[in-house]
Protein chains: 2
Amino acid sequence: MSSQNRPMHDRWSFSQIVGALPPSVPFVPPEALERRMGRALRLRVGANESNFGASPRARAAMREAADGIHWYGDPEGYALREALAQKHGVHSSEIALGSGIDDLLGLFVRLFINPGDPVVTSLGAYPTFNYHVEGYGGLLHTVPYRDDCEDLQALDEIARRKEPKLVYVANPDNPMGTWHHREALAALAANLPERSVLLLDEAYADFAPEEALLNPDVNGARVVHLRTFSKAHGMAGARIGYAIAPRALVEGLDKIRNHFGINRVALAGALASLGDVSYIDSVVADVELGKEEYARLAQSLGTRTVPSATNFVALDVGSGTRARALVGALLERGVFVRMPSVAPLDRCIRITVGPAPERALLADEVRTAWQEV
Amino acid sequence: MSSQNRPMHDRWSFSQIVGALPPSVPFVPPEALERRMGRALRLRVGANESNFGASPRARAAMREAADGIHWYGDPEGYALREALAQKHGVHSSEIALGSGIDDLLGLFVRLFINPGDPVVTSLGAYPTFNYHVEGYGGLLHTVPYRDDCEDLQALDEIARRKEPKLVYVANPDNPMGTWHHREALAALAANLPERSVLLLDEAYADFAPEEALLNPDVNGARVVHLRTFSKAHGMAGARIGYAIAPRALVEGLDKIRNHFGINRVALAGALASLGDVSYIDSVVADVELGKEEYARLAQSLGTRTVPSATNFVALDVGSGTRARALVGALLERGVFVRMPSVAPLDRCIRITVGPAPERALLADEVRTAWQEV
């Protein structure tokens, strides 16, 4: 289409909501960085992808499923939802599948939010949630982190003031890796205004201590738990996650979700991965070792990592300026990391914890780059 | 969650649009039929999945990609979009990827439709499009088919009267398999009101004659072409499709789509499948033979199949009552087919054309069931 004949942007009648949105991309992907640099990255530790890979059983199931890819996946996700219900001690009607938590965040926002409805989250929390809220015309109200943690008390206060439809909390948190005790979360949920729902993003739950995890079997609580196979299960590219939620909300999603939207390979892989508990345990144990190594690395550099209940660490670089310089210096050396977007969190860089050989290489690269900045 | 303590449905503050939606599932999947019957289907020929399977090259690429599934797919889909741009003679900025045409239909509806905005389609056309229009509060205006074809003249007339944001046409058509000449489509597009966009669903384009396919290189035309890897490419379970559209629309989708939403296995498979032209040609050629066989089968039963430019045939059963009975009798025999939803299209059943052994079995089953109804 030649540009002189192409209709101009302002001739298109976009919807009011979309027409008002700025151009927006949540994250620059590592592939785009590689294309800009003209060379491949040496270490991809910026998106908390599990470089341990998926479980061997899950990979075998996915290879097999590739041969049956000419069939749509089961839109009811029956087998996987039954397995998840058993794992979590809920009924399968309280499980909703999605193409990752990103997909589910968009669906829950769409389920609840009219244009102009208030939504509460922390300043500097997961940007894709904000992307969806803005994408449906919701109004974000934020409170800052306190001591590198989401500030549950401030969230409670703003929620009682704004009466938002949705309150978003990640526990463990991203991008800082910190976590709250489940009793603190239960208190937040119990205190919420009548019409508020707590969207509890538990993407990193597999790495968290037991006492961080709010039991989904909370009678009457307005809590949606969001889980994913992207992190500990090593299946980020498969795009599969789930919500544990009151049945009325699962039925609500059924009115708007893409019923045939989940990849058949992902369904097969997730079911197999759920059955490979010892593999997931071994990944979690190795990540624990890695976090200790990175804490010692930080100490040797005269700084610290923020205690983390996830598969990443936030390494304190001292200031936003220095952290940005370090991210740049690492990228120059072929190492992809990301960093939080707002002060004071942005004094840190966020490093995914992978297998031991990768950790050794990463430590060398950080030491070298640290001298440069 | 015990039911007596679970909040009641009406205590949830769903958005106005979603709150007004009825419970709705576009299709009952074959897996649900199997669960109801308590036994496996013998023939799955109801959803136009390609039982020829994906190309061997695509399957190999997908098996390999399963080992790298711990990484998110490239959200820019760079390699695939470049390959698609080359195939269609457009720029890669005019290609948008989605998790199948279903996903793209939802995104285009969201891009354009405010609650109450008019949308035009044919009565009895693809229900998932209607599902999305209703899901965003759009108002559907329909015109009946004429002679088993979408009635372009009636669509043109209603479009000029209602001035819809979107006009949806499938060419070749689903569920009837008929098609229009590209010049008729070009005339429809040229005639549309200033603010209307033609959503041209070309899911079955690979099976269609050259003259059915509107060239996407139409300067200034307000046409979006929707293509998929679900049909001729045999990758329905991978969930990958694309739009060829003016750049402003691709940029519009970038403001609302799930940027990391496409499965990494699907991206790899689609790219490999694009490169295996001879395999796709062989599938299309075999489907042609199959359609001729089914035409002869129909003749032997004293009826006909509607001439089809897709990978399915509409077999004329004479009446909606008889067609429904035949669908039921076939299901009893373990054969899954579907049928159109509205008269007079519902005098037909819709049968996917698969490989020769499957066609022989299907012919036997239809002959037997035909006697029963």
# chains A, B, ... in the order shown; residues from 1 in each chain; ligands from 1
call {"tool": "residues_around", "arguments": {"residues": "segment 98-100 of chain A", "least_positions_apart": "5", "cutoff": "7 Å", "atoms": "only C-alpha atoms", "output": "ChimeraX atom specification"}}
result
/A:228,239-242,262 /B:261
call {"tool": "select_by_dssp", "arguments": {"residues": "segment 116-264 of chain B", "states": "strand (DSSP E or B)", "output": "PDB file with N, CA and C atoms, in the first residue's frame"}}
result
ATOM      1  N   PRO B 118     -23.095   0.241  15.283  1.00  0.00           N
ATOM      2  CA  PRO B 118     -23.620  -0.794  14.393  1.00  0.00           C
ATOM      3  C   PRO B 118     -22.516  -1.598  13.707  1.00  0.00           C
ATOM      4  N   VAL B 119     -22.817  -2.867  13.492  1.00  0.00           N
ATOM      5  CA  VAL B 119     -21.921  -3.803  12.812  1.00  0.00           C
ATOM      6  C   VAL B 119     -22.784  -4.634  11.875  1.00  0.00           C
ATOM      7  N   VAL B 120     -22.236  -4.929  10.697  1.00  0.00           N
ATOM      8  CA  VAL B 120     -23.012  -5.662   9.693  1.00  0.00           C
ATOM      9  C   VAL B 120     -22.367  -7.007   9.386  1.00  0.00           C
ATOM     10  N   THR B 121     -23.207  -8.041   9.329  1.00  0.00           N
ATOM     11  CA  THR B 121     -22.737  -9.371   8.943  1.00  0.00           C
ATOM     12  C   THR B 121     -23.907 -10.123   8.317  1.00  0.00           C
ATOM     13  N   SER B 122     -23.650 -11.371   7.907  1.00  0.00           N
ATOM     14  CA  SER B 122     -24.720 -12.179   7.314  1.00  0.00           C
ATOM     15  C   SER B 122     -25.361 -13.059   8.379  1.00  0.00           C
ATOM     16  N   LEU B 139     -23.898  -3.464  18.047  1.00  0.00           N
ATOM     17  CA  LEU B 139     -25.236  -3.872  17.606  1.00  0.00           C
ATOM     18  C   LEU B 139     -25.148  -4.543  16.252  1.00  0.00           C
ATOM     19  N   LEU B 140     -25.547  -5.798  16.194  1.00  0.00           N
ATOM     20  CA  LEU B 140     -25.455  -6.562  14.953  1.00  0.00           C
ATOM     21  C   LEU B 140     -26.644  -6.284  14.042  1.00  0.00           C
ATOM     22  N   HIS B 141     -26.342  -6.030  12.779  1.00  0.00           N
ATOM     23  CA  HIS B 141     -27.377  -5.955  11.751  1.00  0.00           C
ATOM     24  C   HIS B 141     -27.036  -7.008  10.712  1.00  0.00           C
ATOM     25  N   THR B 142     -27.999  -7.848  10.384  1.00  0.00           N
ATOM     26  CA  THR B 142     -27.692  -8.976   9.506  1.00  0.00           C
ATOM     27  C   THR B 142     -28.580  -8.968   8.266  1.00  0.00           C
ATOM     28  N   VAL B 143     -28.039  -9.570   7.217  1.00  0.00           N
ATOM     29  CA  VAL B 143     -28.859  -9.836   6.027  1.00  0.00           C
ATOM     30  C   VAL B 143     -28.770 -11.335   5.734  1.00  0.00           C
ATOM     31  N   ARG B 146     -28.120 -15.491   0.196  1.00  0.00           N
ATOM     32  CA  ARG B 146     -28.928 -15.681  -1.007  1.00  0.00           C
ATOM     33  C   ARG B 146     -28.293 -16.785  -1.842  1.00  0.00           C
ATOM     34  N   CYS B 149     -25.035 -18.211  -0.697  1.00  0.00           N
ATOM     35  CA  CYS B 149     -23.874 -17.307  -0.692  1.00  0.00           C
ATOM     36  C   CYS B 149     -24.184 -16.112   0.212  1.00  0.00           C
ATOM     37  N   LEU B 166     -17.850  -1.772  11.158  1.00  0.00           N
ATOM     38  CA  LEU B 166     -17.304  -3.019  10.620  1.00  0.00           C
ATOM     39  C   LEU B 166     -18.348  -3.765   9.795  1.00  0.00           C
ATOM     40  N   VAL B 167     -17.885  -4.278   8.650  1.00  0.00           N
ATOM     41  CA  VAL B 167     -18.695  -5.198   7.844  1.00  0.00           C
ATOM     42  C   VAL B 167     -17.903  -6.493   7.748  1.00  0.00           C
ATOM     43  N   TYR B 168     -18.507  -7.594   8.183  1.00  0.00           N
ATOM     44  CA  TYR B 168     -17.804  -8.877   8.220  1.00  0.00           C
ATOM     45  C   TYR B 168     -18.280  -9.760   7.074  1.00  0.00           C
ATOM     46  N   VAL B 169     -17.334 -10.221   6.259  1.00  0.00           N
ATOM     47  CA  VAL B 169     -17.628 -11.157   5.175  1.00  0.00           C
ATOM     48  C   VAL B 169     -16.566 -12.253   5.205  1.00  0.00           C
ATOM     49  N   ALA B 170     -16.990 -13.494   5.126  1.00  0.00           N
ATOM     50  CA  ALA B 170     -16.044 -14.594   4.972  1.00  0.00           C
ATOM     51  C   ALA B 170     -16.042 -15.018   3.512  1.00  0.00           C
ATOM     52  N   VAL B 197     -15.093  -0.375   7.740  1.00  0.00           N
ATOM     53  CA  VAL B 197     -13.971  -1.243   7.407  1.00  0.00           C
ATOM     54  C   VAL B 197     -14.530  -2.625   7.086  1.00  0.00           C
ATOM     55  N   LEU B 198     -14.037  -3.221   5.991  1.00  0.00           N
ATOM     56  CA  LEU B 198     -14.441  -4.571   5.624  1.00  0.00           C
ATOM     57  C   LEU B 198     -13.495  -5.568   6.280  1.00  0.00           C
ATOM     58  N   LEU B 199     -14.028  -6.364   7.221  1.00  0.00           N
ATOM     59  CA  LEU B 199     -13.256  -7.470   7.808  1.00  0.00           C
ATOM     60  C   LEU B 199     -13.489  -8.689   6.927  1.00  0.00           C
ATOM     61  N   LEU B 200     -12.475  -9.036   6.164  1.00  0.00           N
ATOM     62  CA  LEU B 200     -12.610 -10.112   5.185  1.00  0.00           C
ATOM     63  C   LEU B 200     -11.939 -11.363   5.746  1.00  0.00           C
ATOM     64  N   ASP B 201     -12.749 -12.304   6.186  1.00  0.00           N
ATOM     65  CA  ASP B 201     -12.250 -13.526   6.810  1.00  0.00           C
ATOM     66  C   ASP B 201     -11.882 -14.522   5.707  1.00  0.00           C
ATOM     67  N   VAL B 223      -9.860  -2.416   3.902  1.00  0.00           N
ATOM     68  CA  VAL B 223     -10.066  -3.858   3.979  1.00  0.00           C
ATOM     69  C   VAL B 223      -9.019  -4.472   4.906  1.00  0.00           C
ATOM     70  N   VAL B 224      -9.499  -5.335   5.802  1.00  0.00           N
ATOM     71  CA  VAL B 224      -8.611  -6.148   6.625  1.00  0.00           C
ATOM     72  C   VAL B 224      -8.773  -7.592   6.185  1.00  0.00           C
ATOM     73  N   HIS B 225      -7.664  -8.207   5.777  1.00  0.00           N
ATOM     74  CA  HIS B 225      -7.680  -9.622   5.404  1.00  0.00           C
ATOM     75  C   HIS B 225      -7.279 -10.452   6.606  1.00  0.00           C
ATOM     76  N   LEU B 226      -8.050 -11.470   6.925  1.00  0.00           N
ATOM     77  CA  LEU B 226      -7.734 -12.335   8.059  1.00  0.00           C
ATOM     78  C   LEU B 226      -7.380 -13.724   7.554  1.00  0.00           C
ATOM     79  N   ARG B 227      -6.205 -14.182   7.920  1.00  0.00           N
ATOM     80  CA  ARG B 227      -5.729 -15.502   7.488  1.00  0.00           C
ATOM     81  C   ARG B 227      -5.342 -16.335   8.705  1.00  0.00           C
ATOM     82  N   THR B 228      -5.251 -17.641   8.504  1.00  0.00           N
ATOM     83  CA  THR B 228      -4.972 -18.525   9.635  1.00  0.00           C
ATOM     84  C   THR B 228      -4.094 -19.701   9.219  1.00  0.00           C
ATOM     85  N   GLY B 241      -2.749 -16.902  13.694  1.00  0.00           N
ATOM     86  CA  GLY B 241      -3.315 -16.355  12.479  1.00  0.00           C
ATOM     87  C   GLY B 241      -2.758 -14.957  12.303  1.00  0.00           C
ATOM     88  N   TYR B 242      -3.188 -14.296  11.223  1.00  0.00           N
ATOM     89  CA  TYR B 242      -2.663 -12.948  11.014  1.00  0.00           C
ATOM     90  C   TYR B 242      -3.660 -12.108  10.238  1.00  0.00           C
ATOM     91  N   ALA B 243      -3.460 -10.806  10.360  1.00  0.00           N
ATOM     92  CA  ALA B 243      -4.231  -9.848   9.580  1.00  0.00           C
ATOM     93  C   ALA B 243      -3.283  -9.136   8.637  1.00  0.00           C
ATOM     94  N   ILE B 244      -3.754  -8.891   7.423  1.00  0.00           N
ATOM     95  CA  ILE B 244      -3.077  -7.979   6.511  1.00  0.00           C
ATOM     96  C   ILE B 244      -3.948  -6.728   6.514  1.00  0.00           C
TER      97      ILE B 244
END
call {"tool": "select_by_dssp", "arguments": {"residues": "segment 49-269 of chain B", "states": "helix (DSSP H, G or I)", "output": "number ranges by chain"}}
result
B: 56-66, 78-88, 92-94, 100-112, 127-135, 152-162, 182-191, 205-207, 210-212, 236-238, 247-254, 264-269
call {"tool": "closest_residue", "arguments": {"among": "A:Arg222, A:His233, A:Arg264, A:Lys162", "to": "chain B", "atoms": "only C-alpha atoms"}}
result
A:Arg264
call {"tool": "residues_around", "arguments": {"residues": "segment 203-218 of chain A", "least_positions_apart": "3", "cutoff": "7 Å", "atoms": "only C-alpha atoms", "output": "NGL selection string"}}
result
(:A and (90 or 172 or 179-182 or 185-186 or 221 or 226-228 or 231-232 or 244 or 284 or 309-311)) or (:B and (1))
call {"tool": "write_last_selection", "arguments": {"atoms": "C-alpha atoms", "output": "mmCIF file, in the first residue's frame"}}
result
data_model
loop_
_atom_site.group_PDB
_atom_site.id
_atom_site.type_symbol
_atom_site.label_atom_id
_atom_site.label_comp_id
_atom_site.auth_asym_id
_atom_site.auth_seq_id
_atom_site.Cartn_x
_atom_site.Cartn_y
_atom_site.Cartn_z
ATOM 1 C CA VAL A 90 -11.120 -26.374 45.044
ATOM 2 C CA PRO A 172 5.625 -12.503 45.969
ATOM 3 C CA TRP A 179 6.550 -11.028 50.006
ATOM 4 C CA HIS A 180 3.882 -10.656 52.649
ATOM 5 C CA HIS A 181 2.576 -13.204 55.133
ATOM 6 C CA ARG A 182 -0.730 -14.733 54.132
ATOM 7 C CA LEU A 185 -3.145 -10.581 52.731
ATOM 8 C CA ALA A 186 -6.192 -12.171 54.335
ATOM 9 C CA ALA A 221 -13.545 -13.810 50.152
ATOM 10 C CA LEU A 226 -3.488 -15.886 39.449
ATOM 11 C CA ARG A 227 -0.954 -18.618 38.726
ATOM 12 C CA THR A 228 1.224 -19.433 35.758
ATOM 13 C CA LYS A 231 8.066 -19.306 35.865
ATOM 14 C CA ALA A 232 8.947 -22.400 37.956
ATOM 15 C CA ILE A 244 -8.559 -19.703 41.122
ATOM 16 C CA VAL A 284 13.182 -24.257 43.211
ATOM 17 C CA ALA A 309 10.787 -15.253 47.301
ATOM 18 C CA THR A 310 10.912 -15.465 43.495
ATOM 19 C CA ASN A 311 13.300 -16.717 40.784
ATOM 20 C CA MET B 1 -15.482 -22.588 48.731
#
call {"tool": "residues_around", "arguments": {"residues": "Lys165 of chain A", "least_positions_apart": "4", "cutoff": "10 Å", "atoms": "only C-alpha atoms", "output": "list in words"}}
result
Val109, Phe112, Ile113, Asn114, Asp117, Pro118, Val119, Val120, Gly138, Ala159, Leu192, Pro193, Glu194, Arg195, Ser196, Val197 and Leu198 of chain A; Trp12, Ser13, Phe14 and Ser15 of chain B
call {"tool": "write_last_selection", "arguments": {"atoms": "C-alpha atoms", "output": "PDB file, in the first residue's frame"}}
result
ATOM      1  CA  VAL A 109     -10.202  -5.995  33.887  1.00  0.00           C
ATOM      2  CA  PHE A 112     -15.282  -5.510  35.915  1.00  0.00           C
ATOM      3  CA  ILE A 113     -14.158  -2.153  34.587  1.00  0.00           C
ATOM      4  CA  ASN A 114     -16.360   0.476  32.973  1.00  0.00           C
ATOM      5  CA  ASP A 117     -13.916   3.029  37.170  1.00  0.00           C
ATOM      6  CA  PRO A 118     -11.173   3.269  39.799  1.00  0.00           C
ATOM      7  CA  VAL A 119      -8.501   0.575  40.125  1.00  0.00           C
ATOM      8  CA  VAL A 120      -5.813   0.354  42.790  1.00  0.00           C
ATOM      9  CA  GLY A 138     -10.080   2.365  33.977  1.00  0.00           C
ATOM     10  CA  ALA A 159      -9.061   1.091  48.611  1.00  0.00           C
ATOM     11  CA  LEU A 192     -11.846  -4.363  51.192  1.00  0.00           C
ATOM     12  CA  PRO A 193     -14.991  -2.437  50.346  1.00  0.00           C
ATOM     13  CA  GLU A 194     -18.048  -4.458  49.377  1.00  0.00           C
ATOM     14  CA  ARG A 195     -17.556  -4.195  45.636  1.00  0.00           C
ATOM     15  CA  SER A 196     -13.763  -4.622  45.515  1.00  0.00           C
ATOM     16  CA  VAL A 197     -12.013  -7.752  44.274  1.00  0.00           C
ATOM     17  CA  LEU A 198      -8.395  -8.531  45.163  1.00  0.00           C
TER      18      LEU A 198
ATOM     19  CA  TRP B  12     -20.490  -8.872  41.807  1.00  0.00           C
ATOM     20  CA  SER B  13     -20.113  -5.527  40.111  1.00  0.00           C
ATOM     21  CA  PHE B  14     -19.439  -6.665  36.576  1.00  0.00           C
ATOM     22  CA  SER B  15     -18.992  -3.989  33.932  1.00  0.00           C
TER      23      SER B  15
END
call {"tool": "residues_around", "arguments": {"residues": "segment 43-56 of chain A", "least_positions_apart": "4", "cutoff": "7 Å", "atoms": "only C-alpha atoms", "output": "list in words"}}
result
Ala60, Ser230, Lys231, Ala232, His233, Gly234, Met235, Ala236, Ser273, Asp276, Tyr279, Val283, Asn311, Phe312, Gly334, Val335, Phe336, Val337, Arg338, Arg350, Ile351, Thr352, Gly354 and Pro355 of chain A; Ile69, His70 and Trp71 of chain B
call {"tool": "closest_residue", "arguments": {"among": "B:Val18, B:Asn263, B:Ala79, B:Glu332", "to": "Thr368 of chain B", "atoms": "only C-alpha atoms"}}
result
B:Glu332
call {"tool": "atom_distance", "arguments": {"atom1": "atom CA of Leu253 of chain B", "atom2": "atom CA of Tyr131 of chain B"}}
result
19.0 Å
call {"tool": "residues_around", "arguments": {"residues": "Gly318 of chain A", "least_positions_apart": "2", "cutoff": "12 Å", "atoms": "only C-alpha atoms", "output": "list in words"}}
result
Ala298, Leu301, Gly302, Thr303, Arg304, Thr305, Ala314, Leu315, Asp316, Gly320, Thr321, Arg322, Ala323, Arg324, Ala325, Leu326, Ala343, Pro344, Leu345, Asp346, Arg347, Cys348, Ile349, Trp370 and Val373 of chain A
call {"tool": "write_last_selection", "arguments": {"atoms": "C-alpha atoms", "output": "mmCIF file, in the first residue's frame"}}
result
data_model
loop_
_atom_site.group_PDB
_atom_site.id
_atom_site.type_symbol
_atom_site.label_atom_id
_atom_site.label_comp_id
_atom_site.auth_asym_id
_atom_site.auth_seq_id
_atom_site.Cartn_x
_atom_site.Cartn_y
_atom_site.Cartn_z
ATOM 1 C CA ALA A 298 26.441 -8.407 46.049
ATOM 2 C CA LEU A 301 30.631 -5.633 45.582
ATOM 3 C CA GLY A 302 29.828 -3.808 48.797
ATOM 4 C CA THR A 303 26.060 -3.915 48.315
ATOM 5 C CA ARG A 304 23.146 -6.338 48.775
ATOM 6 C CA THR A 305 20.330 -8.138 47.061
ATOM 7 C CA ALA A 314 16.886 -7.197 42.862
ATOM 8 C CA LEU A 315 20.533 -6.130 43.140
ATOM 9 C CA ASP A 316 20.915 -2.766 44.844
ATOM 10 C CA GLY A 320 18.672 4.956 39.409
ATOM 11 C CA THR A 321 21.366 6.589 37.332
ATOM 12 C CA ARG A 322 23.901 3.949 38.236
ATOM 13 C CA ALA A 323 21.372 1.129 37.773
ATOM 14 C CA ARG A 324 20.503 2.369 34.281
ATOM 15 C CA ALA A 325 24.195 2.586 33.452
ATOM 16 C CA LEU A 326 24.723 -0.958 34.708
ATOM 17 C CA ALA A 343 12.244 5.463 42.395
ATOM 18 C CA PRO A 344 13.367 4.247 44.831
ATOM 19 C CA LEU A 345 12.963 0.739 43.366
ATOM 20 C CA ASP A 346 14.964 1.815 40.316
ATOM 21 C CA ARG A 347 18.173 1.840 42.342
ATOM 22 C CA CYS A 348 18.130 -1.928 41.677
ATOM 23 C CA ILE A 349 18.563 -4.134 38.650
ATOM 24 C CA TRP A 370 30.254 -2.847 37.947
ATOM 25 C CA VAL A 373 29.827 2.320 35.901
#
call {"tool": "closest_residue", "arguments": {"among": "A:Leu111, A:Leu33, A:Ala58, A:Leu41", "to": "chain B", "atoms": "only C-alpha atoms"}}
result
A:Leu111
call {"tool": "closest_residue", "arguments": {"among": "B:Pro127, B:Gly68, B:Gly237, B:Pro22", "to": "chain A", "atoms": "only C-alpha atoms"}}
result
B:Gly237
call {"tool": "closest_residue", "arguments": {"among": "A:Gly38, A:Pro175, A:Gly269, A:Gly124", "to": "chain B", "atoms": "only C-alpha atoms"}}
result
A:Gly269
call {"tool": "closest_residue", "arguments": {"among": "B:Asp156, B:Glu163, B:Asp286, B:Asp147", "to": "chain A", "atoms": "only C-alpha atoms"}}
result
B:Glu163
